[in-house]
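Input: a single structure, listed below in structure tokens.
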Amino acid sequence: MSTRLYNTLSRKLDELPDPPGPVRMYFCGPTVYDRAHVGNARPFVVGIWLRDWLRLRGYDATLVHNITDINDKIYEAAPGRSAERAVEATEWYLQDTGDLGLEAPDHLPKASDYIPQIIEFIEKLIERDYAYAVEGDVYFRVARDPDYGRLSGQRPDQVEEQEPNPLKEDPRDFALWKANKPEEDTSWDSPWGRGRPGWHIECSVMAEELLSPVFEIHGGGLDLVFPHHENELAQSKALGHGFAHIWAHNGMLEATGEKMAKSVGNIVTLRAAIDEYGRETILLAFLGAHWRKPMDFSEETRRQAQSRGDGFREVFRNRSAPAPEGEWERFGAALDDDFNTPEALAIMHGWRDHDLLRRALDIFGLGSLAESEAAPAEVVQLAERRQQARSERDFDEADRLRRDIADAGWEVRDVDDGFQLVPR
Ligand SMILES: [Zn+2]
């Protein structure tokens, strides 16, 4: 069976071409105006896991994850110093997502590096009558696209108004280029005067420049279907480009746990979550939820993720036992069927085969769970003294040493060839 994924556009599971593909993937990244929320990490994590799984399946897979560093939100968040804020927040994002310990995306383009290509794209849209300039702004002419609304499931004649401006021909039209406003500290020269690109055109251009005018998968959060992705699709199709075949939208992260709100506030930053729960717990929480479904980042979810992690660590402290025939195929089939990580995780849960489990954990950046933690030398010494005491049948002394070891944060276990130290 080849790999299939749910496609928002066709509203069904669509198959990827057979390996080696290529599978070119563009996953919308963050608008950099503040520290990223845990939810912002979901498309990042899903995109990387999917790419890495496809590579293991023999695909030539490439992942582009963009940084939106020109956007209304940045101007609002840092009036007069949006450019500095964007640079600073980009560094935070790269650092925080980097601390998840996954293999990086292949490209992390910034919108501000693509201004000439964006201007050229808009000029072509104007030439073909798909766009028009008005007082320094340029708008896309939605009425020219009979398919507009298909991705988000809206009737073309009932599309929500976006970016109100009485000078537009049609309330549905959206901005490709915006004239510079006094409160905006960044702007570029263009045939329509100083200004800056709209958000949607940035993604169409970066995707096409780094992948090709046609590519296999476009990902991003479910909240981006309209207007962002509807508009990307309209712009690129207007130039006759095939654009994305499969639109893969991940479910949103919900935070309902009361406790979380108390300790770190309602918005949980990725930084705070990594510092508080550790990267493995966050990755296991993501793994335990289907990428398309909403995910509750609650106390309960985190506890479950933590105990999954402990369970996997425990497997590696014990002897490896071969898994039944066909287990890897069962695991692979779950991932090939709409990248069902909760099912894959449930299959892994039953494994005691170290090689197999390590192979699976490695795909998700969780190979560290297979590494045993080394106890400090003084704890090892206590355990050796305890072993000596036991061999001399001095059980009182052995018990006392066991308690000392426990006080130091370790549990000593007796195994065939001596002892084992496990963090408590
Ligand atoms: Zn985008």
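In the structure tokens, the first chain shown is A, the next is B, and so on; residue numbers restart at 1 for each chain, and ligands run from 1 in the order shown.
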
Check: If we count only C-alpha atoms, what is near Ile363 (chain A) at a cut-off of 10 Å, once residues fewer than 3 positions away on the same chain are taken out, given as an MDAnalysis selection string?
Finding: chainID A and resid 48:53 56 102:103 358:360 366:367

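Using only C-alpha atoms and all ligand atoms, residues with at least one atom at most 8 Å away from any atom of ligand 1 are Phe27, Cys28, Gly29, Asn66, Thr68, Trp199, His200, Glu202, Cys203, Ser204, Gly220, Leu224, His228, His229 and Glu232 of chain A.
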
List every residue of region 266-378 of chain A that DSSP, applied to the backbone of this structure, places in strand (DSSP E or B), and write the result as a JSON list (two decimals) with C-alpha atoms, in the first residue's frame.
[["chain", "number", "residue", "atom", "x", "y", "z"],
["A", 269, "THR", "CA", 4.88, 29.15, 25.17],
["A", 295, "MET", "CA", -5.34, 18.30, 20.73],
["A", 296, "ASP", "CA", -5.92, 19.10, 24.35],
["A", 337, "ASP", "CA", -2.66, 5.38, 6.45]]

Next item on the list: Could you jot down the CA of Gly136 (chain A) to CA of Pro166 (chain A) separation for me, Å, one decimal place?
Entry: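 The value is 14.1 Å.
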
Check: What's the 8 Å shell around region 179-190 of chain A, counting only C-alpha atoms, without same-chain residues fewer than 4 positions away, as a list of chain:residue names?
Finding: A:Tyr75, A:Pro79, A:Gly80, A:Arg81, A:Ser82, A:Ala83, A:Ile115, A:Ile119, A:Glu135, A:Gly136, A:Asp137, A:Arg194, A:Gly195, A:Arg196

Next item on the list: Can you work out which one of A:Arg42, A:His354, A:Arg386, A:Arg35 has the shortest atom-to-atom distance to Lys293 (chain A), counting only C-alpha atoms?
Entry: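 Of A:Arg42, A:His354, A:Arg386, A:Arg35, the one nearest Lys293 (chain A), counting only C-alpha atoms, is A:Arg42.
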
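Here CA of Gly221 (chain A) and CA of Glu209 (chain A) stand 21.8 Å from one another.
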
Margin query: as a list in words, please: the residues near Leu151 (chain A) (cut-off 9 Å, only C-alpha atoms, same-chain neighbours under 5 positions excluded).
Written below: Thr8, Leu9, Ser10, Val225, Phe226, His229, Glu230, Leu233 and Trp247 of chain A

Contacts of region 357-383 of chain A with region 402-405 of chain A up to 9 Å, shortest pair per row, only C-alpha atoms, as JSON lines:
{"residue": "A:Val379", "atom": "CA", "partner": "A:Ile405", "partner_atom": "CA", "distance": 6.2}
{"residue": "A:Val380", "atom": "CA", "partner": "A:Ile405", "partner_atom": "CA", "distance": 8.8}
{"residue": "A:Leu382", "atom": "CA", "partner": "A:Ile405", "partner_atom": "CA", "distance": 6.7}
{"residue": "A:Ala383", "atom": "CA", "partner": "A:Ile405", "partner_atom": "CA", "distance": 7.3}
